[in-house]
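What follows is the content of input.pdb, which has PDB, C-alpha atoms:
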ATOM      1  CA  MET L   1      56.312  11.716 -10.568  1.00  0.00           C
ATOM      2  CA  SER L   2      53.869  13.429  -8.232  1.00  0.00           C
ATOM      3  CA  HIS L   3      51.237  13.372 -10.971  1.00  0.00           C
ATOM      4  CA  LEU L   4      51.685   9.608 -11.309  1.00  0.00           C
ATOM      5  CA  LYS L   5      51.265   9.102  -7.551  1.00  0.00           C
ATOM      6  CA  THR L   6      48.123  11.221  -7.595  1.00  0.00           C
ATOM      7  CA  PHE L   7      46.689   9.190 -10.476  1.00  0.00           C
ATOM      8  CA  LEU L   8      47.434   5.887  -8.730  1.00  0.00           C
ATOM      9  CA  LEU L   9      45.843   7.149  -5.504  1.00  0.00           C
ATOM     10  CA  VAL L  10      42.675   8.200  -7.321  1.00  0.00           C
ATOM     11  CA  ALA L  11      42.539   4.858  -9.116  1.00  0.00           C
ATOM     12  CA  VAL L  12      42.866   2.916  -5.836  1.00  0.00           C
ATOM     13  CA  ILE L  13      40.176   5.011  -4.148  1.00  0.00           C
ATOM     14  CA  SER L  14      37.836   4.583  -7.123  1.00  0.00           C
ATOM     15  CA  CYS L  15      38.294   0.816  -7.190  1.00  0.00           C
ATOM     16  CA  ALA L  16      37.901   0.577  -3.441  1.00  0.00           C
ATOM     17  CA  ALA L  17      34.579   2.406  -3.764  1.00  0.00           C
ATOM     18  CA  CYS L  18      33.269   0.003  -6.424  1.00  0.00           C
ATOM     19  CA  PRO L  19      32.366  -2.887  -4.040  1.00  0.00           C
ATOM     20  CA  TRP L  20      30.604  -0.441  -1.695  1.00  0.00           C
ATOM     21  CA  GLN L  21      28.573   0.964  -4.575  1.00  0.00           C
ATOM     22  CA  TRP L  22      27.745  -2.545  -5.753  1.00  0.00           C
ATOM     23  CA  LEU L  23      26.549  -3.560  -2.295  1.00  0.00           C
ATOM     24  CA  ALA L  24      24.500  -0.391  -1.848  1.00  0.00           C
ATOM     25  CA  ALA L  25      21.855  -1.572  -4.336  1.00  0.00           C
ATOM     26  CA  GLU L  26      20.846  -4.953  -5.671  1.00  0.00           C
ATOM     27  CA  GLU L  27      19.527  -5.223  -9.216  1.00  0.00           C
ATOM     28  CA  GLU L  28      17.509  -8.074 -10.686  1.00  0.00           C
ATOM     29  CA  ILE L  29      16.426  -8.367 -14.322  1.00  0.00           C
ATOM     30  CA  LYS L  30      13.825 -10.990 -15.275  1.00  0.00           C
ATOM     31  CA  TYR L  31      10.742 -11.782 -17.350  1.00  0.00           C
ATOM     32  CA  PRO L  32      12.196 -10.833 -20.756  1.00  0.00           C
ATOM     33  CA  SER L  33       9.797 -10.230 -23.637  1.00  0.00           C
ATOM     34  CA  PRO L  34       9.532 -12.960 -26.329  1.00  0.00           C
ATOM     35  CA  ASP L  35      11.616 -10.859 -28.736  1.00  0.00           C
ATOM     36  CA  GLY L  36      14.261 -10.368 -26.026  1.00  0.00           C
ATOM     37  CA  ARG L  37      14.091  -6.592 -26.221  1.00  0.00           C
ATOM     38  CA  PHE L  38      12.396  -5.706 -22.923  1.00  0.00           C
ATOM     39  CA  ALA L  39      12.404  -7.009 -19.351  1.00  0.00           C
ATOM     40  CA  LEU L  40      11.494  -6.227 -15.757  1.00  0.00           C
ATOM     41  CA  ARG L  41      14.183  -4.598 -13.596  1.00  0.00           C
ATOM     42  CA  ILE L  42      13.910  -4.506  -9.800  1.00  0.00           C
ATOM     43  CA  THR L  43      16.399  -2.339  -7.914  1.00  0.00           C
ATOM     44  CA  GLN L  44      16.514  -2.626  -4.127  1.00  0.00           C
ATOM     45  CA  SER L  45      18.634  -0.729  -1.639  1.00  0.00           C
ATOM     46  CA  LYS L  46      20.513  -2.863   0.885  1.00  0.00           C
ATOM     47  CA  ASP L  47      19.468  -0.417   3.584  1.00  0.00           C
ATOM     48  CA  ASP L  48      15.800  -0.214   2.547  1.00  0.00           C
ATOM     49  CA  GLU L  49      14.694  -3.284   0.629  1.00  0.00           C
ATOM     50  CA  TYR L  50      10.984  -2.466   0.924  1.00  0.00           C
ATOM     51  CA  HIS L  51      11.188   0.751  -1.107  1.00  0.00           C
ATOM     52  CA  PRO L  52      12.290  -0.758  -4.429  1.00  0.00           C
ATOM     53  CA  THR L  53      12.171   0.653  -7.927  1.00  0.00           C
ATOM     54  CA  VAL L  54      10.373  -1.581 -10.426  1.00  0.00           C
ATOM     55  CA  GLU L  55      10.810  -0.684 -14.090  1.00  0.00           C
ATOM     56  CA  LEU L  56      10.041  -1.948 -17.558  1.00  0.00           C
ATOM     57  CA  ILE L  57      13.329  -1.515 -19.425  1.00  0.00           C
ATOM     58  CA  GLU L  58      15.015  -2.045 -22.752  1.00  0.00           C
ATOM     59  CA  LYS L  59      17.447  -4.855 -21.933  1.00  0.00           C
ATOM     60  CA  GLN L  60      20.406  -3.951 -24.133  1.00  0.00           C
ATOM     61  CA  SER L  61      20.577  -0.262 -23.292  1.00  0.00           C
ATOM     62  CA  GLY L  62      19.026  -0.316 -19.818  1.00  0.00           C
ATOM     63  CA  LYS L  63      16.716   2.500 -20.909  1.00  0.00           C
ATOM     64  CA  VAL L  64      13.635   2.870 -18.702  1.00  0.00           C
ATOM     65  CA  MET L  65      10.514   2.462 -20.791  1.00  0.00           C
ATOM     66  CA  LEU L  66       8.091   2.749 -17.877  1.00  0.00           C
ATOM     67  CA  THR L  67       8.368   3.039 -14.098  1.00  0.00           C
ATOM     68  CA  LEU L  68       5.940   0.592 -12.529  1.00  0.00           C
ATOM     69  CA  HIS L  69       6.819   1.236  -8.896  1.00  0.00           C
ATOM     70  CA  SER L  70       9.006   4.033  -7.549  1.00  0.00           C
ATOM     71  CA  ALA L  71      11.394   3.929  -4.584  1.00  0.00           C
ATOM     72  CA  SER L  72      10.103   7.389  -3.651  1.00  0.00           C
ATOM     73  CA  ASP L  73       6.667   5.983  -2.817  1.00  0.00           C
ATOM     74  CA  THR L  74       5.942   6.223   0.892  1.00  0.00           C
ATOM     75  CA  GLU L  75       4.157   2.869   1.192  1.00  0.00           C
ATOM     76  CA  LEU L  76       6.148  -0.299   1.809  1.00  0.00           C
ATOM     77  CA  PHE L  77       6.196  -2.693  -1.138  1.00  0.00           C
ATOM     78  CA  ASP L  78       7.433  -6.267  -1.512  1.00  0.00           C
ATOM     79  CA  PRO L  79       8.515  -6.871  -5.132  1.00  0.00           C
ATOM     80  CA  SER L  80       9.018 -10.639  -4.731  1.00  0.00           C
ATOM     81  CA  GLU L  81       5.707 -11.380  -6.489  1.00  0.00           C
ATOM     82  CA  SER L  82       6.129  -8.837  -9.281  1.00  0.00           C
ATOM     83  CA  VAL L  83       5.735 -10.502 -12.674  1.00  0.00           C
ATOM     84  CA  LEU L  84       5.389  -9.599 -16.354  1.00  0.00           C
ATOM     85  CA  VAL L  85       3.058 -11.600 -18.612  1.00  0.00           C
ATOM     86  CA  TRP L  86       3.890 -10.918 -22.273  1.00  0.00           C
ATOM     87  CA  SER L  87       1.890 -11.330 -25.464  1.00  0.00           C
ATOM     88  CA  ALA L  88       3.565 -13.369 -28.201  1.00  0.00           C
ATOM     89  CA  ASP L  89       4.364 -10.243 -30.257  1.00  0.00           C
ATOM     90  CA  SER L  90       5.923  -8.397 -27.269  1.00  0.00           C
ATOM     91  CA  LYS L  91       3.569  -5.435 -27.814  1.00  0.00           C
ATOM     92  CA  ARG L  92       1.299  -6.069 -24.835  1.00  0.00           C
ATOM     93  CA  VAL L  93       2.334  -6.840 -21.299  1.00  0.00           C
ATOM     94  CA  ALA L  94       0.474  -7.314 -18.027  1.00  0.00           C
ATOM     95  CA  TYR L  95       2.228  -6.371 -14.792  1.00  0.00           C
ATOM     96  CA  GLY L  96       1.191  -8.406 -11.770  1.00  0.00           C
ATOM     97  CA  PHE L  97       2.125  -7.359  -8.247  1.00  0.00           C
ATOM     98  CA  ARG L  98       1.247  -7.791  -4.590  1.00  0.00           C
ATOM     99  CA  ASP L  99      -0.257  -4.534  -3.426  1.00  0.00           C
ATOM    100  CA  SER L 100       0.267  -5.024   0.311  1.00  0.00           C
ATOM    101  CA  PRO L 101       3.154  -4.271   2.692  1.00  0.00           C
ATOM    102  CA  PRO L 102       5.722  -6.965   3.544  1.00  0.00           C
ATOM    103  CA  GLY L 103       4.975  -8.975   6.653  1.00  0.00           C
ATOM    104  CA  VAL L 104       1.243  -8.340   6.381  1.00  0.00           C
ATOM    105  CA  ARG L 105      -0.704 -11.578   6.084  1.00  0.00           C
ATOM    106  CA  VAL L 106      -3.507  -9.964   4.112  1.00  0.00           C
ATOM    107  CA  VAL L 107      -2.748 -10.613   0.434  1.00  0.00           C
ATOM    108  CA  SER L 108      -3.844  -8.103  -2.196  1.00  0.00           C
ATOM    109  CA  PRO L 109      -2.632  -9.002  -5.709  1.00  0.00           C
ATOM    110  CA  GLY L 110      -3.190  -6.446  -8.457  1.00  0.00           C
ATOM    111  CA  ALA L 111      -2.468  -5.862 -12.131  1.00  0.00           C
ATOM    112  CA  LEU L 112      -2.187  -3.250 -14.849  1.00  0.00           C
ATOM    113  CA  VAL L 113      -1.667  -3.567 -18.596  1.00  0.00           C
ATOM    114  CA  CYS L 114       0.781  -1.792 -20.913  1.00  0.00           C
ATOM    115  CA  PHE L 115       0.579  -1.402 -24.700  1.00  0.00           C
ATOM    116  CA  TRP L 116       3.442  -0.601 -27.076  1.00  0.00           C
ATOM    117  CA  ASN L 117       2.778   2.680 -28.911  1.00  0.00           C
ATOM    118  CA  GLY L 118       5.731   2.598 -31.312  1.00  0.00           C
ATOM    119  CA  SER L 119       8.226   4.375 -29.062  1.00  0.00           C
ATOM    120  CA  GLY L 120       7.205   3.372 -25.531  1.00  0.00           C
ATOM    121  CA  PHE L 121       4.518   1.738 -23.413  1.00  0.00           C
ATOM    122  CA  ASP L 122       1.207   3.245 -22.310  1.00  0.00           C
ATOM    123  CA  LYS L 123      -0.397   2.167 -19.038  1.00  0.00           C
ATOM    124  CA  VAL L 124      -3.969   0.911 -19.106  1.00  0.00           C
ATOM    125  CA  PHE L 125      -5.719   0.482 -15.773  1.00  0.00           C
ATOM    126  CA  LEU L 126      -8.253  -2.297 -15.424  1.00  0.00           C
ATOM    127  CA  PRO L 127     -11.814  -1.658 -14.234  1.00  0.00           C
ATOM    128  CA  GLU L 128     -12.194  -1.280 -10.461  1.00  0.00           C
ATOM    129  CA  ASN L 129     -15.068  -3.725 -10.050  1.00  0.00           C
ATOM    130  CA  LEU L 130     -13.574  -6.874 -11.526  1.00  0.00           C
ATOM    131  CA  PRO L 131     -15.325 -10.215 -10.947  1.00  0.00           C
ATOM    132  CA  SER L 132     -14.674 -11.864  -7.590  1.00  0.00           C
ATOM    133  CA  PRO L 133     -15.336 -15.480  -6.608  1.00  0.00           C
ATOM    134  CA  ARG L 134     -17.830 -16.795  -4.100  1.00  0.00           C
ATOM    135  CA  ILE L 135     -16.312 -19.034  -1.449  1.00  0.00           C
ATOM    136  CA  LYS L 136     -18.280 -22.171  -0.648  1.00  0.00           C
ATOM    137  CA  PHE L 137     -18.034 -23.071   3.037  1.00  0.00           C
ATOM    138  CA  PRO L 138     -19.300 -26.247   4.709  1.00  0.00           C
ATOM    139  CA  LYS L 139     -22.725 -25.821   6.181  1.00  0.00           C
ATOM    140  CA  GLY L 140     -22.582 -23.853   9.435  1.00  0.00           C
ATOM    141  CA  LYS L 141     -18.996 -22.641   8.839  1.00  0.00           C
ATOM    142  CA  GLU L 142     -19.731 -19.508   6.804  1.00  0.00           C
ATOM    143  CA  GLU L 143     -20.352 -17.080   9.662  1.00  0.00           C
ATOM    144  CA  ASN L 144     -17.253 -17.096  11.875  1.00  0.00           C
ATOM    145  CA  VAL L 145     -14.642 -16.250   9.232  1.00  0.00           C
ATOM    146  CA  LYS L 146     -11.709 -13.849   8.920  1.00  0.00           C
ATOM    147  CA  PRO L 147     -10.785 -12.285   5.557  1.00  0.00           C
ATOM    148  CA  TYR L 148      -7.204 -12.641   4.355  1.00  0.00           C
ATOM    149  CA  GLY L 149      -7.581 -10.404   1.330  1.00  0.00           C
ATOM    150  CA  GLY L 150      -7.850 -11.017  -2.362  1.00  0.00           C
ATOM    151  CA  GLY L 151      -7.415  -9.502  -5.767  1.00  0.00           C
ATOM    152  CA  VAL L 152      -6.504 -10.317  -9.355  1.00  0.00           C
ATOM    153  CA  LYS L 153      -3.454 -11.509 -11.225  1.00  0.00           C
ATOM    154  CA  PRO L 154      -2.655 -11.899 -14.945  1.00  0.00           C
ATOM    155  CA  LEU L 155      -2.244 -15.434 -16.278  1.00  0.00           C
ATOM    156  CA  ARG L 156      -1.662 -15.330 -20.043  1.00  0.00           C
ATOM    157  CA  TRP L 157      -2.462 -13.566 -23.301  1.00  0.00           C
ATOM    158  CA  LEU L 158      -4.751 -15.502 -25.610  1.00  0.00           C
ATOM    159  CA  LYS L 159      -4.430 -15.670 -29.408  1.00  0.00           C
ATOM    160  CA  SER L 160      -7.585 -13.539 -29.611  1.00  0.00           C
ATOM    161  CA  GLY L 161      -5.732 -10.677 -27.908  1.00  0.00           C
ATOM    162  CA  ASP L 162      -7.665 -11.101 -24.662  1.00  0.00           C
ATOM    163  CA  LEU L 163      -5.915 -11.306 -21.319  1.00  0.00           C
ATOM    164  CA  GLU L 164      -6.850 -14.253 -19.113  1.00  0.00           C
ATOM    165  CA  MET L 165      -6.888 -13.373 -15.432  1.00  0.00           C
ATOM    166  CA  SER L 166      -7.522 -15.015 -12.082  1.00  0.00           C
ATOM    167  CA  SER L 167      -9.472 -13.478  -9.209  1.00  0.00           C
ATOM    168  CA  GLU L 168      -8.983 -14.812  -5.687  1.00  0.00           C
ATOM    169  CA  GLU L 169     -10.540 -14.253  -2.266  1.00  0.00           C
ATOM    170  CA  MET L 170      -9.166 -15.808   0.929  1.00  0.00           C
ATOM    171  CA  MET L 171     -10.926 -16.495   4.231  1.00  0.00           C
ATOM    172  CA  LEU L 172      -9.968 -18.276   7.448  1.00  0.00           C
ATOM    173  CA  SER L 173     -12.696 -20.191   9.249  1.00  0.00           C
ATOM    174  CA  ARG L 174     -12.318 -19.823  12.996  1.00  0.00           C
ATOM    175  CA  ASP L 175     -14.562 -22.851  13.496  1.00  0.00           C
ATOM    176  CA  ASP L 176     -12.299 -25.433  11.867  1.00  0.00           C
ATOM    177  CA  GLY L 177      -9.039 -23.452  11.454  1.00  0.00           C
ATOM    178  CA  LYS L 178      -8.974 -24.059   7.688  1.00  0.00           C
ATOM    179  CA  SER L 179      -8.195 -21.519   4.965  1.00  0.00           C
ATOM    180  CA  TYR L 180     -10.711 -21.241   2.132  1.00  0.00           C
ATOM    181  CA  THR L 181      -9.682 -19.658  -1.171  1.00  0.00           C
ATOM    182  CA  GLY L 182     -12.206 -18.849  -3.859  1.00  0.00           C
ATOM    183  CA  VAL L 183     -10.781 -18.792  -7.391  1.00  0.00           C
ATOM    184  CA  LEU L 184     -12.448 -17.418 -10.507  1.00  0.00           C
ATOM    185  CA  ARG L 185     -11.079 -16.995 -14.028  1.00  0.00           C
ATOM    186  CA  PHE L 186     -12.203 -14.459 -16.594  1.00  0.00           C
ATOM    187  CA  ASN L 187     -10.977 -12.668 -19.706  1.00  0.00           C
ATOM    188  CA  VAL L 188     -10.425  -8.990 -20.432  1.00  0.00           C
ATOM    189  CA  SER L 189     -10.684  -7.764 -24.025  1.00  0.00           C
ATOM    190  CA  PHE L 190      -9.412  -4.415 -25.347  1.00  0.00           C
ATOM    191  CA  ASP L 191     -10.805  -2.290 -28.164  1.00  0.00           C
ATOM    192  CA  ALA L 192      -8.786  -0.178 -30.630  1.00  0.00           C
ATOM    193  CA  GLN L 193      -8.374   2.543 -27.974  1.00  0.00           C
ATOM    194  CA  HIS L 194      -7.290  -0.103 -25.428  1.00  0.00           C
ATOM    195  CA  GLN L 195     -10.457   0.285 -23.367  1.00  0.00           C
ATOM    196  CA  PRO L 196     -10.981  -2.908 -21.335  1.00  0.00           C
ATOM    197  CA  THR L 197     -14.131  -5.040 -21.203  1.00  0.00           C
ATOM    198  CA  VAL L 198     -14.651  -8.080 -18.964  1.00  0.00           C
ATOM    199  CA  LYS L 199     -16.065 -11.221 -20.568  1.00  0.00           C
ATOM    200  CA  ASN L 200     -16.117 -15.022 -20.317  1.00  0.00           C
ATOM    201  CA  ILE L 201     -16.509 -15.119 -16.549  1.00  0.00           C
ATOM    202  CA  GLY L 202     -16.016 -18.663 -15.294  1.00  0.00           C
ATOM    203  CA  LYS L 203     -17.424 -20.479 -12.282  1.00  0.00           C
ATOM    204  CA  SER L 204     -16.050 -20.051  -8.770  1.00  0.00           C
ATOM    205  CA  LYS L 205     -13.999 -22.856  -7.280  1.00  0.00           C
ATOM    206  CA  THR L 206     -13.093 -23.197  -3.615  1.00  0.00           C
ATOM    207  CA  GLU L 207      -9.728 -24.548  -2.488  1.00  0.00           C
ATOM    208  CA  VAL L 208      -9.269 -25.666   1.113  1.00  0.00           C
ATOM    209  CA  ASP L 209      -5.957 -25.552   2.963  1.00  0.00           C
ATOM    210  CA  GLU L 210      -5.832 -27.574   6.170  1.00  0.00           C
TER
END
Show me, as structure tokens, the structure contained in the file I just sent.
Amino acid sequence: MSHLKTFLLVAVISCAACPWQWLAAEEEIKYPSPDGRFALRITQSKDDEYHPTVELIEKQSGKVMLTLHSASDTELFDPSESVLVWSADSKRVAYGFRDSPPGVRVVSPGALVCFWNGSGFDKVFLPENLPSPRIKFPKGKEENVKPYGGGVKPLRWLKSGDLEMSSEEMMLSRDDGKSYTGVLRFNVSFDAQHQPTVKNIGKSKTEVDE
């Protein structure tokens, strides 16, 4: 009888601990690959939501294929803009993220590319000096400006195998209080060794936010 009581007590304690464990971390799975095999998993602690773990996983098993951002990193990171852009065959994926701390108004989007090697994914870093747009200000408004950051983000994989990307730069004009965003699109091609080359650089466009 005492053994039964002990078993019931352990069972109650274990079940009582389950909600606490569930609340301790929040897990989100999104951006599945076209074949449904892989996805992005974001795990955030309730006590420290700005040190998340961002992983490329195998959906069915939960196996980690690649860690994209680690909770052990010292810098604060907001995963809300993390995104995966998949190729149609699920063998190439671009990871887009916001490389700036939460609460900071300066925006710094970034990207890296991953290729399937038959058993996992290999990271490929893009060139450092990617094209950036030129912002067109009204005459006399181009001097007194404040930068709000900028960077690149992946848009889509083309049938050619190239990755289409967007480059943005943001400025605030202190003269008229308007935000000016320069936008430029370009493609990145990859050779057999996955070495990237920039091509098809478009024209800069300026968007104005009152």
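Nearest to Ser72 in chain L of all the residues L:Ser132, L:Ser87, L:Thr53, L:Asn144 is L:Thr53, counting all atoms listed in the file.
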- Of the candidates L:Pro133, L:Gly120, L:Gly182, L:Gly161, which shows the shortest atom-to-atom distance to Met65 in chain L, using only C-alpha atoms?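 Checking each candidate against Met65 in chain L, we get L:Gly120 as the closest.
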task: Go through the shown structure with the PyMOL selection byres ((chain L and resi 39) around 6) and write out the matching residues as an MDAnalysis selection string.
output: chainID L and resid 30:33 38 40 56:57
Correct to one decimal, the distance CA of Tyr180 in chain L-CA of Pro131 in chain L is 17.7 Å
Pairwise distance, CA of Lys136 in chain L with CA of Glu81 in chain L, equals 26.9 Å
query: How far is it from CA of Ser80 in chain L to CA of Pro109 in chain L, in Å with one decimal?
result: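 CA of Pro109 in chain L lies 11.8 Å from CA of Ser80 in chain L.
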Practice item. For the structure shown, which residues end up in the PyMOL selection byres ((chain L and resi 171-178) around 10)? Put them as a PyMOL selection string, please? Key: chain L and resi 106+135+137+140-150+169-170+179-182+208-210
Item to complete: Starting from the shown file, work through the PyMOL selection byres ((chain L and resi 114) around 7) and note down what comes out as a list of chain:residue names.
Response: L:Arg92, L:Val93, L:Ala94, L:Leu112, L:Val113, L:Phe115, L:Trp116, L:Phe121, L:Asp122, L:Lys123, L:Val124
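Taking all atoms listed in the file into account, Gly118 in chain L lies nearest to L:Ser90 out of the set L:Ser166, L:Gln195, L:Ser90, L:Ser61.
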* Within 7 Å of Val198 in chain L, counting all atoms listed in the file, which residues qualify if same-chain residues fewer than 2 places away don't, as a list in words? ->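 Residues near the query, excluding close chain neighbours: Asn187, Val188, Ser189 and Pro196 of chain L.
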Need the axis-aligned box for range 56-65 of chain L with 4 Å each side, so what are the centre and edges in Å to one decimal, as JSON?
{"center_x": 15.3, "center_y": -1.0, "center_z": -20.8, "size_x": 18.5, "size_y": 15.7, "size_z": 14.6}
Using all atoms listed in the file, which protein or nucleic acid residues come within 10 Å of Asp99 in chain L? Drop anything in the same chain fewer than 6 positions from it, and give the result as a PyMOL selection string. chain L and resi 75-79+81-82+106-111+151
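With only C-alpha atoms as the basis for measurement, L:Ala71 is the residue among L:Lys63, L:Ala71, L:Pro138, L:Gly36 that approaches His51 in chain L most closely.
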